[in-house]
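Asker: My structure file work29.txt, compact mmCIF, C-alpha atoms and all ligand atoms, is below:
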# COMPACT_ATOMS: atom_id res chain seq x y z
CA MET E 1 202.88 -24.16 121.67
CA SER E 2 203.70 -21.94 118.71
CA GLU E 3 205.65 -18.75 119.35
CA TYR E 4 202.93 -16.99 117.34
CA LEU E 5 199.58 -15.78 118.53
CA LEU E 6 198.22 -16.03 115.01
CA GLU E 7 199.60 -18.06 112.19
CA ALA E 8 197.79 -18.13 108.86
CA ASN E 9 199.16 -20.71 106.49
CA ASN E 10 198.37 -20.84 102.78
CA LEU E 11 195.16 -18.91 103.29
CA THR E 12 193.23 -18.72 100.03
CA THR E 13 189.87 -17.01 99.64
CA SER E 14 188.07 -17.14 96.32
CA PHE E 15 184.99 -15.24 95.22
CA LYS E 16 182.55 -16.35 92.60
CA ILE E 17 182.36 -14.14 89.54
CA ASP E 18 180.17 -15.19 86.59
CA GLY E 19 180.02 -18.74 87.88
CA GLU E 20 183.77 -19.19 88.47
CA TYR E 21 185.86 -18.84 91.62
CA TYR E 22 188.83 -16.45 91.60
CA PRO E 23 191.24 -16.03 94.54
CA ALA E 24 191.32 -12.56 96.13
CA VAL E 25 193.63 -13.92 98.82
CA ASP E 26 196.06 -16.28 97.18
CA ASP E 27 198.13 -18.59 99.34
CA VAL E 28 198.80 -15.99 102.02
CA SER E 29 200.84 -16.88 105.10
CA ILE E 30 201.25 -14.36 107.89
CA ARG E 31 202.34 -14.58 111.52
CA ILE E 32 201.69 -12.25 114.44
CA ARG E 33 203.30 -12.51 117.85
CA GLU E 34 201.82 -11.29 121.10
CA ASN E 35 202.47 -7.61 121.58
CA GLU E 36 203.41 -7.14 117.94
CA VAL E 37 201.87 -4.87 115.32
CA LEU E 38 201.93 -6.34 111.83
CA ALA E 39 200.87 -3.87 109.16
CA LEU E 40 199.31 -5.22 105.99
CA VAL E 41 199.73 -2.64 103.24
CA GLY E 42 198.84 -2.37 99.61
CA GLU E 43 196.66 -0.46 97.18
CA SER E 44 192.93 -0.69 96.99
CA GLY E 45 191.88 -4.11 95.67
CA SER E 46 195.05 -5.91 96.73
CA GLY E 47 193.15 -8.21 99.10
CA LYS E 48 193.83 -6.72 102.54
CA SER E 49 190.25 -6.64 103.77
CA ALA E 50 189.49 -10.03 102.25
CA THR E 51 192.42 -11.38 104.30
CA ALA E 52 191.09 -9.84 107.51
CA PHE E 53 187.55 -11.08 106.91
CA SER E 54 188.85 -14.58 106.15
CA LEU E 55 190.84 -14.64 109.39
CA MET E 56 187.64 -13.87 111.25
CA GLY E 57 185.62 -16.44 109.32
CA LEU E 58 183.37 -13.71 107.95
CA HIS E 59 183.21 -14.78 104.31
CA ARG E 60 180.07 -16.82 104.03
CA HIS E 61 179.85 -16.94 100.25
CA ALA E 62 183.52 -17.36 99.52
CA ARG E 63 185.57 -20.51 99.20
CA VAL E 64 188.23 -20.44 101.93
CA SER E 65 191.10 -22.88 102.36
CA GLY E 66 194.35 -23.11 104.33
CA GLU E 67 194.62 -22.82 108.09
CA VAL E 68 194.36 -20.04 110.61
CA LEU E 69 195.99 -21.07 113.85
CA PHE E 70 194.98 -18.85 116.72
CA GLN E 71 196.87 -19.80 119.86
CA GLY E 72 197.71 -23.05 118.09
CA LYS E 73 194.14 -24.03 117.16
CA ASP E 74 192.80 -23.91 113.59
CA ILE E 75 189.84 -21.57 113.88
CA LEU E 76 188.82 -22.10 110.24
CA LYS E 77 187.46 -25.42 111.45
CA ASN E 78 185.24 -23.74 114.03
CA ASN E 79 181.49 -23.65 113.59
CA GLU E 80 179.57 -20.37 113.65
CA ARG E 81 178.78 -20.64 117.38
CA GLN E 82 182.45 -21.11 118.26
CA MET E 83 183.45 -18.24 115.97
CA ASN E 84 180.89 -15.95 117.59
CA ARG E 85 182.54 -16.64 120.92
CA ILE E 86 185.94 -15.68 119.55
CA ARG E 87 184.82 -12.61 117.58
CA GLY E 88 184.57 -9.65 119.90
CA GLY E 89 186.19 -11.78 122.60
CA ASP E 90 189.74 -13.02 122.01
CA ILE E 91 189.82 -11.44 118.55
CA ALA E 92 188.30 -8.00 118.06
CA MET E 93 187.95 -5.86 114.98
CA ILE E 94 187.96 -2.12 114.39
CA PHE E 95 186.59 -1.07 111.01
CA GLN E 96 187.08 2.02 108.92
CA ASP E 97 183.62 3.47 109.41
CA PRO E 98 182.45 3.52 113.02
CA MET E 99 178.89 4.23 111.89
CA THR E 100 178.57 0.80 110.29
CA ALA E 101 180.07 -0.89 113.35
CA LEU E 102 177.61 0.74 115.77
CA ASN E 103 173.91 0.18 116.07
CA PRO E 104 172.27 3.57 115.41
CA LEU E 105 169.25 2.68 117.54
CA MET E 106 171.08 1.71 120.71
CA LYS E 107 172.59 3.87 123.41
CA ILE E 108 176.39 3.63 123.65
CA LYS E 109 176.25 2.04 127.09
CA HIS E 110 173.95 -0.74 125.89
CA GLN E 111 176.25 -1.53 122.96
CA ILE E 112 179.20 -1.91 125.31
CA GLN E 113 177.21 -3.88 127.83
CA GLU E 114 175.94 -6.22 125.15
CA THR E 115 179.43 -7.41 124.28
CA LEU E 116 180.25 -7.81 127.99
CA LYS E 117 177.12 -9.93 128.39
CA ILE E 118 177.81 -12.12 125.33
CA HIS E 119 181.34 -12.89 126.45
CA GLY E 120 180.56 -13.05 130.18
CA THR E 121 183.48 -10.77 130.98
CA VAL E 122 181.88 -8.80 133.79
CA ARG E 123 178.96 -9.65 136.03
CA LYS E 124 175.73 -7.73 135.52
CA SER E 125 176.20 -5.69 138.71
CA GLY E 126 179.62 -4.44 137.56
CA ARG E 127 178.79 -3.66 133.93
CA GLU E 128 177.59 -0.09 134.41
CA LEU E 129 180.78 0.95 136.17
CA TYR E 130 183.04 -0.98 133.78
CA THR E 131 181.34 0.74 130.84
CA ILE E 132 182.23 4.15 132.23
CA GLU E 133 185.79 3.00 132.94
CA LEU E 134 186.13 1.78 129.36
CA LEU E 135 184.88 5.07 127.94
CA GLU E 136 187.34 6.90 130.18
CA LYS E 137 190.14 4.61 129.07
CA VAL E 138 189.59 5.48 125.42
CA GLY E 139 189.75 9.17 126.24
CA ILE E 140 186.10 10.11 126.13
CA PRO E 141 185.38 13.20 128.22
CA ARG E 142 182.29 13.11 130.45
CA PRO E 143 181.85 9.36 129.94
CA GLU E 144 178.65 9.20 132.03
CA ARG E 145 176.96 11.52 129.58
CA VAL E 146 178.33 9.86 126.44
CA ALA E 147 177.18 6.46 127.73
CA GLU E 148 173.60 7.76 127.43
CA ASN E 149 174.10 9.04 123.85
CA TYR E 150 173.19 7.44 120.56
CA PRO E 151 175.96 7.14 117.91
CA HIS E 152 174.64 10.00 115.74
CA GLU E 153 175.02 12.37 118.69
CA LEU E 154 178.81 11.93 118.65
CA SER E 155 181.56 13.17 116.33
CA GLY E 156 183.38 10.72 114.02
CA GLY E 157 186.43 10.63 116.30
CA MET E 158 184.29 10.00 119.39
CA ARG E 159 182.39 7.25 117.59
CA GLN E 160 185.67 5.54 116.68
CA ARG E 161 186.72 5.78 120.33
CA VAL E 162 183.48 4.03 121.27
CA VAL E 163 184.20 1.31 118.68
CA ILE E 164 187.64 0.89 120.23
CA ALA E 165 186.09 0.71 123.72
CA ILE E 166 183.85 -2.11 122.48
CA ALA E 167 186.81 -3.82 120.82
CA ILE E 168 188.93 -3.81 123.98
CA ALA E 169 186.03 -4.51 126.36
CA ASN E 170 186.85 -8.21 126.56
CA ARG E 171 190.62 -7.72 126.60
CA PRO E 172 191.27 -9.28 123.17
CA LYS E 173 194.50 -11.08 122.47
CA LEU E 174 194.36 -10.05 118.84
CA LEU E 175 193.06 -6.80 117.42
CA ILE E 176 192.36 -6.49 113.71
CA ALA E 177 192.13 -2.86 112.66
CA ASP E 178 191.02 -2.35 109.06
CA GLU E 179 191.84 1.23 107.98
CA PRO E 180 190.82 2.47 111.46
CA THR E 181 191.56 6.13 110.77
CA THR E 182 190.87 6.57 107.06
CA ALA E 183 187.45 8.12 107.64
CA LEU E 184 188.73 10.64 110.22
CA ASP E 185 190.30 14.11 110.11
CA VAL E 186 194.10 14.15 110.18
CA THR E 187 194.42 15.49 113.74
CA ILE E 188 191.90 12.95 115.03
CA GLN E 189 193.72 10.21 113.09
CA ALA E 190 196.88 10.75 115.10
CA GLN E 191 194.97 10.65 118.38
CA ILE E 192 193.23 7.40 117.45
CA LEU E 193 196.51 5.79 116.38
CA ASP E 194 198.14 6.83 119.65
CA LEU E 195 195.20 5.36 121.50
CA ILE E 196 195.39 2.02 119.68
CA ARG E 197 199.13 1.80 120.33
CA GLU E 198 198.66 2.68 124.01
CA LEU E 199 195.92 0.11 124.52
CA GLN E 200 197.85 -2.52 122.63
CA ASP E 201 200.84 -1.93 124.92
CA ASP E 202 198.61 -2.13 127.92
CA LEU E 203 196.85 -5.35 126.87
CA GLY E 204 199.92 -6.94 125.24
CA SER E 205 197.75 -7.87 122.26
CA GLY E 206 198.91 -8.66 118.78
CA VAL E 207 197.58 -6.27 116.14
CA LEU E 208 196.94 -6.74 112.45
CA LEU E 209 196.79 -3.21 111.11
CA ILE E 210 195.42 -2.86 107.61
CA THR E 211 196.23 0.37 105.85
CA HIS E 212 197.25 1.89 102.57
CA ASP E 213 198.94 4.74 104.44
CA LEU E 214 202.69 4.33 104.84
CA GLY E 215 202.78 7.18 107.34
CA VAL E 216 200.56 5.09 109.60
CA VAL E 217 202.83 2.09 109.02
CA ALA E 218 205.94 4.04 109.99
CA GLU E 219 204.30 5.20 113.18
CA MET E 220 202.63 2.02 114.30
CA ALA E 221 204.10 -1.16 112.88
CA ASP E 222 206.78 -3.51 114.14
CA ARG E 223 206.73 -5.55 110.95
CA VAL E 224 205.15 -4.98 107.56
CA ALA E 225 203.65 -7.32 104.97
CA VAL E 226 203.13 -5.78 101.54
CA MET E 227 200.28 -7.22 99.52
CA TYR E 228 199.72 -7.02 95.79
CA ALA E 229 197.05 -8.79 93.72
CA GLY E 230 196.20 -11.25 96.48
CA GLN E 231 199.77 -12.20 97.32
CA ILE E 232 202.28 -11.08 99.91
CA VAL E 233 205.21 -9.70 97.92
CA GLU E 234 207.46 -8.54 100.75
CA VAL E 235 207.70 -8.91 104.53
CA ALA E 236 210.22 -7.12 106.74
CA PRO E 237 210.67 -5.35 110.06
CA VAL E 238 209.44 -1.79 109.65
CA ARG E 239 212.84 -0.04 109.76
CA GLU E 240 214.33 -2.52 107.33
CA LEU E 241 211.43 -2.06 104.92
CA PHE E 242 211.76 1.72 104.86
CA LYS E 243 215.56 1.61 104.70
CA ASN E 244 215.99 -1.24 102.31
CA PRO E 245 212.82 -1.90 100.32
CA LYS E 246 213.36 -4.59 97.75
CA HIS E 247 210.30 -5.50 95.73
CA PRO E 248 209.54 -2.99 92.96
CA TYR E 249 205.99 -2.70 94.28
CA THR E 250 207.19 -1.73 97.76
CA ARG E 251 209.62 0.71 96.20
CA SER E 252 206.83 2.23 94.14
CA LEU E 253 204.66 2.62 97.24
CA LEU E 254 207.52 4.35 99.04
CA ASN E 255 208.22 6.48 96.01
CA SER E 256 204.70 7.80 96.19
CA LEU E 257 205.57 9.42 99.54
CA PRO E 258 207.09 12.90 99.18
CA SER E 259 210.69 13.27 100.29
CA GLU E 260 211.95 16.59 101.57
CA GLU E 261 213.57 17.46 98.22
CA GLN E 262 210.35 16.68 96.39
CA LEU E 263 208.20 19.09 98.39
CA GLY E 264 206.34 21.35 96.03
CA SER E 265 207.00 19.15 93.01
CA LYS E 266 204.68 16.60 91.48
CA LEU E 267 204.27 13.38 93.44
CA HIS E 268 205.12 10.09 91.82
CA VAL E 269 202.10 7.87 91.29
CA ILE E 270 202.21 4.21 90.38
CA GLN E 271 200.72 3.87 86.93
CA GLY E 272 197.90 1.36 86.45
CA VAL E 273 195.73 -0.40 89.02
CA VAL E 274 195.47 -3.80 90.65
CA PRO E 275 193.72 -5.94 88.02
CA ALA E 276 190.20 -7.26 88.67
CA LEU E 277 190.08 -10.82 90.02
CA ASN E 278 188.73 -12.32 86.82
CA LYS E 279 191.12 -10.34 84.60
CA MET E 280 194.31 -11.17 86.42
CA ASP E 281 197.16 -13.06 84.82
CA ARG E 282 198.22 -15.52 87.53
CA GLU E 283 201.28 -16.80 85.73
CA GLY E 284 204.60 -15.28 86.74
CA CYS E 285 205.19 -12.04 88.64
CA ARG E 286 201.88 -10.23 89.05
CA PHE E 287 203.50 -6.82 89.22
CA ALA E 288 205.32 -7.32 85.90
CA PRO E 289 202.64 -5.60 83.74
CA ARG E 290 203.15 -2.40 85.76
CA ILE E 291 206.92 -2.33 85.33
CA PRO E 292 207.19 -3.09 81.62
CA TRP E 293 210.74 -1.71 81.41
CA ILE E 294 212.03 -4.61 83.51
CA PRO E 295 213.08 -7.36 81.11
CA GLU E 296 211.07 -10.56 81.15
CA GLU E 297 214.02 -12.67 82.21
CA ALA E 298 214.30 -10.66 85.44
CA HIS E 299 211.03 -12.23 86.62
CA GLU E 300 210.50 -15.74 87.92
CA HIS E 301 208.00 -18.05 86.32
CA GLN E 302 206.40 -19.11 89.63
CA PRO E 303 207.76 -16.57 92.11
CA LYS E 304 207.86 -17.67 95.72
CA LEU E 305 208.46 -15.63 98.84
CA ARG E 306 212.01 -16.26 99.97
CA GLU E 307 214.12 -14.95 102.80
CA VAL E 308 216.84 -12.69 101.41
CA GLU E 309 218.02 -11.37 104.74
CA PRO E 310 217.04 -12.51 108.23
CA GLY E 311 213.35 -11.67 108.63
CA HIS E 312 213.18 -10.01 105.19
CA LEU E 313 211.23 -11.96 102.57
CA VAL E 314 210.66 -11.01 98.93
CA ARG E 315 208.76 -12.56 96.05
CA CYS E 316 210.29 -12.76 92.56
CA THR E 317 213.86 -12.10 91.48
CA CYS E 318 212.88 -8.86 89.71
CA TYR E 319 213.91 -6.93 92.82
CA GLN E 320 217.52 -7.78 91.99
CA ASP E 321 217.36 -6.02 88.70
CA PHE E 322 219.86 -3.21 88.36
CA TYR E 323 217.07 -0.76 87.53
CA LEU E 324 216.04 -1.10 91.12
CA ASP E 325 219.44 -0.56 92.65
CA THR E 326 218.52 -0.14 96.30
CA SER E 327 221.17 2.50 96.84
CA MET E 328 219.07 4.87 94.74
CA GLY E 329 217.01 7.38 96.63
CA HIS E 330 213.30 7.97 96.13
CA GLY E 331 212.58 9.46 92.76
CA GLU E 332 215.94 8.46 91.27
CA MET E 333 214.56 5.17 90.08
CA GLU E 334 211.85 7.01 88.16
CA LYS E 335 214.37 9.34 86.51
CA ARG E 336 216.46 6.40 85.44
CA VAL E 337 213.44 4.56 84.14
CA GLU E 338 212.23 7.58 82.19
CA ALA E 339 215.69 7.99 80.64
CA LEU E 340 215.62 4.34 79.64
CA GLN E 341 212.19 4.69 78.13
CA MET E 342 213.37 7.64 76.06
CA GLU E 343 216.38 5.64 74.87
CA GLU E 344 214.18 2.71 73.94
CA GLY E 345 211.73 4.91 72.08
CA GLY E 346 209.26 5.05 74.95
CA VAL E 347 207.80 1.97 76.55
CA GLY E 348 204.13 2.50 77.44
CA ARG E 349 203.69 2.69 81.20
N1 LIG L 401 182.42 -10.36 98.27
C1 LIG L 401 183.16 -10.23 97.17
N2 LIG L 401 182.78 -10.77 95.97
C2 LIG L 401 183.55 -10.65 94.87
N3 LIG L 401 184.75 -10.00 94.84
C3 LIG L 401 185.17 -9.45 96.00
C4 LIG L 401 184.41 -9.53 97.21
N4 LIG L 401 185.12 -8.88 98.19
C5 LIG L 401 186.24 -8.43 97.61
N5 LIG L 401 186.28 -8.76 96.31
C6 LIG L 401 187.37 -8.48 95.36
O1 LIG L 401 188.56 -8.99 95.94
C7 LIG L 401 189.66 -8.13 95.65
C8 LIG L 401 190.32 -7.70 96.96
O2 LIG L 401 189.41 -6.85 97.65
P1 LIG L 401 189.72 -6.25 99.11
O3 LIG L 401 188.53 -5.47 99.53
O4 LIG L 401 190.19 -7.32 99.99
O5 LIG L 401 190.92 -5.28 98.78
P2 LIG L 401 191.60 -4.21 99.75
O6 LIG L 401 193.06 -4.35 99.54
O7 LIG L 401 191.10 -4.38 101.12
O8 LIG L 401 191.10 -2.86 99.13
P3 LIG L 401 190.41 -1.59 99.87
O9 LIG L 401 191.55 -0.89 100.52
O10 LIG L 401 189.81 -0.83 98.74
O11 LIG L 401 189.41 -2.14 100.82
C9 LIG L 401 189.10 -6.98 94.83
O12 LIG L 401 189.31 -7.28 93.46
C10 LIG L 401 187.63 -6.99 95.17
O13 LIG L 401 186.87 -6.48 94.08
Let's see the structure in the file written out as structure tokens.

Answerer:
Amino acid sequence: MSEYLLEANNLTTSFKIDGEYYPAVDDVSIRIRENEVLALVGESGSGKSATAFSLMGLHRHARVSGEVLFQGKDILKNNERQMNRIRGGDIAMIFQDPMTALNPLMKIKHQIQETLKIHGTVRKSGRELYTIELLEKVGIPRPERVAENYPHELSGGMRQRVVIAIAIANRPKLLIADEPTTALDVTIQAQILDLIRELQDDLGSGVLLITHDLGVVAEMADRVAVMYAGQIVEVAPVRELFKNPKHPYTRSLLNSLPSEEQLGSKLHVIQGVVPALNKMDREGCRFAPRIPWIPEEAHEHQPKLREVEPGHLVRCTCYQDFYLDTSMGHGEMEKRVEALQMEEGGVGR
């Protein structure tokens, strides 16, 4: 038996655009242990959600290849009936917007009881009581009353608590949370994150946490996988990633967080965007166009993820370039780069 709860190997998901297939998830391999939180981070369009949906077998119109071993069994080979048994059962998902996850026409208690019925977790006679217990567990005050409510009668934070109650109802072994707090107020965000962490501890589940928010990563993750343009570019334990980021993309993401000295000054933003699937140059380092000051020879032709320190993997040799000296603090890299650009007569960024 594998030491991993989930092991995705060479997962590739391609979408059809103007009659051709383009990979949004490109040869992605990730592993999650029981009781571990793996954060998948990256900008909008980097392929995080497409990865999550592929793991759950939710891409009907895409071309998906590779394997997704869940408890040692390749679930990509499952038929729809088998997947329906796993979804909401052993693997549960929490989405960004609780309103889309809930049925607006059904009382909260019926939505919870429906998942209990589908997965046969609790007998009919015990479902009413278990529903109230679940609502209590996710911190909903006066659960008896809320059980009788419809989703629109609750606040955003309460709705997300209900979504979490549904997600944990069948004691999932793996929880996939796709930007679970993005739609919520900051104070509520922290409460929801605490709740997910608490429940995860309690259930011993593995968690795939998708976010673009490095603050959330710092608070929640055990390990981090950084995704850019459909590929994983760096993987490391969370402390190591924050202390010793290697890939220029990871460094740019971290540079976009304010440090204490930068408070009140302008924040660094990464110039450019993740290219569209059908406009992407798939040769060489995909981040190269956004760091034009790094000489071409610093990049690999076909960069592969390789382990540079135990548990720390990086794609492409461009991280070794002296411009990205890892002893430099946040912001220093930018100053150095700007100075270089001035010297060289200004390279367009
Ligand atoms: N069903 C689809 N058909 C065609 N292209 C798609 C489809 N779903 C996603 N894409 C494309 O795949 C790429 C990755 O999208 P994805 O939603 O996975 O990114 P993301 O990192 O989750 O971003 P966000 O944080 O904005 O959700 C994007 O270029 C997106 O336009």

Asker: Could you work out how far CA of Val207 (chain E) lies from CA of Glu36 (chain E), giving the answer in Å with one decimal?

Answerer: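 That distance, rounded to one decimal, is 6.2 Å.
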
Asker: Residues within 7 Å of ligand LIG 401 (chain L) (all atoms listed in the file), as a compact mmCIF listing (two decimals) with C-alpha atoms, in the coordinates of the input?

Answerer:
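Final output, saved to out_24.txt:
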# COMPACT_ATOMS: atom_id res chain seq x y z
CA PHE E 15 184.99 -15.24 95.22
CA LYS E 16 182.55 -16.35 92.60
CA ILE E 17 182.36 -14.14 89.54
CA ALA E 24 191.32 -12.56 96.13
CA GLY E 42 198.84 -2.37 99.61
CA GLU E 43 196.66 -0.46 97.18
CA SER E 44 192.93 -0.69 96.99
CA GLY E 45 191.88 -4.11 95.67
CA SER E 46 195.05 -5.91 96.73
CA GLY E 47 193.15 -8.21 99.10
CA LYS E 48 193.83 -6.72 102.54
CA SER E 49 190.25 -6.64 103.77
CA ALA E 50 189.49 -10.03 102.25
CA THR E 51 192.42 -11.38 104.30
CA HIS E 212 197.25 1.89 102.57
CA GLY E 230 196.20 -11.25 96.48
CA ALA E 276 190.20 -7.26 88.67
CA LEU E 277 190.08 -10.82 90.02

Asker: Can you measure CA of Gln271 (chain E) to CA of Val224 (chain E) for me? One decimal in Å is fine.

Answerer: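 Between CA of Gln271 (chain E) and CA of Val224 (chain E) the gap works out to 22.9 Å.
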
Asker: Near Glu307 (chain E), counting all atoms listed in the file, which residues have an atom at most 12 Å away, once you skip same-chain residues fewer than 2 positions from it, shown as a list in words?

Answerer: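 Once the adjacent positions are removed, what remains is Val233, Glu234, Val235, Ala236, Lys246, Lys304, Leu305, Glu309, Pro310, Gly311, His312, Leu313, Val314, Arg315, Cys316 and Thr317 of chain E.
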
Asker: Which residue, E:Gly206, E:Pro275, E:Gly215, E:Pro292, has the smallest gap to Phe242 (chain E) when you use only C-alpha atoms?

Answerer: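 Distance minimum relative to Phe242 (chain E) lands on E:Gly215.
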
Asker: Compile the contact shell of Leu11 (chain E) as JSON, numbers by chain: residues with an atom at most 7 Å away, counting all atoms listed in the file, same-chain residues fewer than 5 positions apart removed.

Answerer: {"E": [25, 26, 27, 28, 29, 65, 66, 67]}
